[in-house]
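Notes follow the structure.
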Amino acid sequence: MRLQQVLGRLTPAVSLLAMLVAVLDLIGWWLGQLSLVRVVPMPHSGVMMPNTAVGLFLCGASLWLARKPGASSLRRGVSHALALAAVVLGGLTLSEYLFGVDLGIDLILFPETVRSLAPYRPGRAAPATTLCFILTGLSLRWLDAETRGGHRPAQYLALLLGGVASLALLGYLYMEEGLVASQGEGASFPLFTRLSVHTAATFLALSLGLLCARPERGLMKVFTGDDAGGFMARRLLPAAIFVPTVVGAFQLMGMRRGMYGSSGGVAIFVVITTSVLLILIAWNAASLRRLDLRRRELEKAARLSEARLSGIVSNAADAIISIDEHQRIALFNASAERVFGYSAGEVLGQPLDILLPPRLRAIHRQHVRDFAAGPRTTRRLDERPTLLGLRKSGEEFPAEASVSKVDVGGTMLMTAILRDSTERKRAEEALRESEERFRTAYENAAIGMALVGLDGRFLNVNRSLCEIVGYSERELLARTFQDITWPADLEVDLENARRLREGEISSYQLEKRYIHKKGHLVTVLLTGSLVHDSRGEPLYFIAQIQDISERKRLEQDWRFLADTGPQLAGSLDSRATLGIVARLVVPALADWCVIDLLDEEGKVVAVEGAAASARQEATLRTLLSLYSHDPARHGHIASRVIRTGEPALLPEIPHEVLEETAEDERHLELLLQLEPRSGMVVPLFARGHTLGAIILAASESGRRYDARSLMLAEELARRAALAIDNARLYMRSEQATRVRDEVLRIVAHDLRTPLQVVSLSTQTLLKRLPEERPADRKQLESIQKAVARSNRLIQDLLDVARLEAGRIAVERRPEPLAPLVREVLELHRTLAEARSIQLTVSIPEDCPDVLADRDRLVQILSNLLGNALKFTPEGGQISLRVEPAGDMLRLSVQDTGLGIPEQSLPHLFEPFWQAQGGRRNGAGLGLAIVKGLVEAHDGQVWVESRPGLGSTFFFTLPTVARAEAHLAH
């Protein structure tokens with residue numbers, strides 16, 4: 001309200017006025033200027049004592065600090081301290097009057113000046129002044145105090161202060177002798193003695209300032225209110241103050257001039273005062289009548305508006321809820337009943353909390369209070385993250401609401417228009433999730449994606465596409481797909497785009513090449529489709545781009561490596577393999593290369609070079625012919641690779657490397673003619689040994705080697721090293737075979753001759769007459785047996801050698817099997833009976849003939865029976881069986897020995913192998929010979945054994961019928 005704002009400005013002005021008057025008075029006492037301490041130049045106007053000035057300054061400062069409600073605790077504390085100081089000052093001075101004592105406080109300030117200028121008791125303020133200090137100080141101390149009935153004690157004290165000050169001023173105005181007459185030092189105690197004019201005026205101003213400090217509360221609310229009472233009070237208050245004062249002055253003036261007596265003066269006062277009051281009453285009545293007519297018109301308009309609003313509220317599709325200042329529901333329309341499930345009778349008068357989830361009630365109450373106290377008159381409640389309503393059934397639902405507030409006669413009424421946004425939130429959430437999924441899938445897709453306009457301009461691109469082509473998003477959006485497509489691939493792409501626009505195809509897929517920002521080509525797999533609007537008109541293309549450059553390079557690399565396998569396997573000569581490797585490397589991996597082959601001592605035994613162009617080929621041949629290529633001499637890189645087995649990669653070959661490699665100026669000149677720009681050195685490593693190194697260089701082609709190139713070169717070198725190592729191993733095996741055959745030839749020829757001499761000599765000695773024979777015949781027999789065993793061992797060695805060389809000879813012819821088996825069995829029966837071993841044989845009566853070499857078959861059976869007798873304990877049993885097995889015959893030798901451990905079974909037929917911990921009877925060649933001879937007869941041999949249960953050796957032989965059928969076929 002404007003009046004309250006005006007009255008609010010009066011308080012600081014009064015406080016400043018009081019402090020200014022006090023400061024001027026103190027300056028006057030300091031300077032000894034009577035004009036400053038008296039102010040009003042008229043007889044008996046009185047002076048303001050220094051203590052009075054101090055008290056007024058304290059009161060003014062306290063009012064300045066307390067002028068605004070809600071001040072800080074520090075300001076309030078200082079204000080209360082200053083007010084209490086003023087009360088103490090007034091109380092001490094008043095006690096001097098009451099008890100007739102002199103406390104010495106009157107002459108604390110400016111004592112000499114006070115004694116010379118003070119008209120009465122030195123330095124002592126008037127009793128009315130002390131009373132005013134007490135009233136002012138108490139009013140300031142209780143400025144914000146309020147009783148339960150809403151009364152403000154400070155305002156009543158301020159009114160009393162104003163009355164005392166006004167009475168003093170009226171005494172000066174009416175020139176009443178009793179009020180202003182001088183009194184002696186010991187005079188009686190008049191109430192207004194020595195209360196100066198400007199002191200009384202200052203206290204009257206402080207009274208107004210205290211009343212206006214809180215104009216909207218307490219007694220002042222009657223005068224500042226917007227109701228009819230406030231309107232009437234504001235109109236009558238000036239007349240009630242000034243009319244009696246003015247009329248009383250004129251009445252007193254006429255009586256002093258003798259114009260009429262006291263009765264006439266009173267009559268005149270009554271008539272004038274009554275007339276003025278009647279005029280004011282009539283004026284106010286007319287104003288109130290106009291206000292009443294205006295109020296009736298407003299009430300009628302309000303009823304019409306209320307009727308219209310009621311119709312709108314009742315039929316509104318949204319829920320409309322009104323709440324009072326205590327947040328209780330005052331209006332609940334039909335839509336609100338439908339949304340919340342309550343009837344209006346159930347919620348009217350209930351707190352708003354009934355419609356809110358418990359966990360959000362405190363938050364919503366605070367927001368409503370903040371909104372009610374704030375300046376805005378409308379607000380959307382869904383400005384906050386979440387607004388939830390609570391149905392009668394207990395279900396929570398999202399809502400959006402707009403709240404307005406209206407102050408009706410000091411009562412705050414808030415109305416909320418609320419809409420159930422459950423379905424909309426669901427739709428928005430579904431749309432948001434769909435958009436988020438699309439955006440996430442689009443932005444984070446592992447393949448490049450783009451929206452392309454019909455003119456080929458990029459409209460939107462994802463991060464993967466930017467990484468594929470090397471451009472930033474901004475750079476791509478400023479280009480068309482034609483700008484970055486390799487010209488040779490553009491025509492096919494444009495043709496497919498045309499077919500898409502014309503509806504011939506719905507999508508297409510092709511391999512094409514993009515030009516990377518750095519200049520190299522990127523091979524991609526492009527899938528294109530077209531988006532149409534609701535009318536079927538084409539809007540833009542959707543392109544999915546997958547970078548397949550790496551896959552293409554891998555395919556080329558694997559194809560290259562796959563082709564190298566047969567070529568490397570085509571030769572078993574290490575020097576020829578070097579040439580094959582050089583042809584594979586150039587030009588597929590390098591523009592020229594040099595291959596060094598080392599021997600076991602690390603010396604270069606072969607060097608091979610190749611170049612892609614004839615000019616470089618001639619330069620390279622010249623260089624290799626003039627300078628021996630020793631990696632230990634020509635550069636530390638190749639020697640380090642050979643020494644450590646770790647490859648070296650030089651994406652760029654600096655000039656310093658060539659200078660370090662060259663032996664002289666001519667050597668450097670030849671190296672510069674080869675123009676090496678990028679290089680690799682990879683070791684030829686196989687079976688834990690470095691066989692050499694391959695030096696690869698790129699020059700004319702402009703290629704730059706990277707880690708992938710190095711991996712491919714290493715794989716090629718590994719395969720080449722294996723091929724070279726295999727060739728070396730083959731050569732060594734051939735040499736070893738030749739050496740072995742030579743040794744066996746020497747053994748067969750040179751050892752048999754002395755053995756035959758020993759055998760013949762032994763037989764001669766055994767055939768002599770008894771008297772000519774040696775005394776110990778057993779020694780001669782032992783020598784003869786040793787010779788026989790040596791001959792058998794030599795024969796076995798020769799058989800094994802022939803088996804490994806593939807030169808074993810078997811002369812197969814039809815042989816009856818039964819007689820042969822019995823013959824072999826009889827050969828071993830004597831040894832079996834000596835050890836009490838039972839020999840049994842089982843042969844079917846219609847046993848067919850076999851196609852076999854008789855001597856070799858006897859050797860097979862003898863070896864198997866000899867092994868069985870060797871490992872069968874005394875009292876055991878050996879069984880020899882012959883069984884048909886289709887068009888083959890299966891022969892088996894079963895013993896009751898200790899059996900063979902399972903881990904030994906796979907090695908039984910290996911040459912020179914014997915079980916660990918077993919008896920070393922023989923060289924371990926018998927079973928190997930059996931296996932070779934059986935397989936030479938187109939049969940198979942195997943063994944079945946269990947420890948503790950003996951062993952059974954099986955082998956098969958083809959029958960004559962099978963051989964004839966095979967020949968016929």
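To be explicit about the labels: the chains of the structure tokens are called A, B, and onward in the order shown, and within each one the residues are counted from 1, while ligands get numbers from 1 in the order they are shown.
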Practice task
Please identify which residues in range 445-679 of chain A DSSP calls strand (DSSP E or B) from the backbone, and express them as a VMD selection string.
Solution key: chain A and resid 448 to 453 457 to 461 480 485 507 to 515 521 to 532 538 to 547 592 to 598 604 to 611 648 to 650 678 to 679
Practice task
Take CA of Arg856 in chain A and CA of Phe909 in chain A and report the distance between them in Å, one decimal.
Solution key: 17.1 Å
Exercise for the section: Run DSSP on the backbone and give me the residues of range 216-400 of chain A it puts in helix (DSSP H, G or I), as a PyMOL selection string. Expected result: chain A and resi 220-224+228-256+262-315+334-340+344-347+352-355+358-373+381-383
Problem - Neighbour list for range 239-242 of chain A as a list in words, cut-off 10 Å, only C-alpha atoms, skip fewer than 6 positions in-chain - result: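 Counting only C-alpha atoms, the residues come to Ala233, Gly248, Thr273, Val276, Leu277 and Leu280 of chain A.
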Can you write just those residues out, C-alpha atoms, as a compact mmCIF listing (two decimals), in the first residue's frame?
# COMPACT_ATOMS: atom_id res chain seq x y z
CA ALA A 233 -9.88 7.03 10.31
CA GLY A 248 -8.56 26.40 21.02
CA THR A 273 -15.76 22.09 16.60
CA VAL A 276 -16.46 21.08 11.48
CA LEU A 277 -17.11 17.57 12.68
CA LEU A 280 -16.52 15.95 7.97
Problem - Minimum-distance residue to Arg728 in chain A, chosen among A:Leu598, A:Val657, A:Ala158, A:Val824 (using only C-alpha atoms) - result: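 Closest residue, counting only C-alpha atoms: A:Leu598.
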Problem - Given only C-alpha atoms as the counted atoms, nearest of A:Cys847, A:Ala445, A:Leu63, A:Val461 to Thr11 in chain A - result: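 Smallest distance to Thr11 in chain A is found for A:Leu63.
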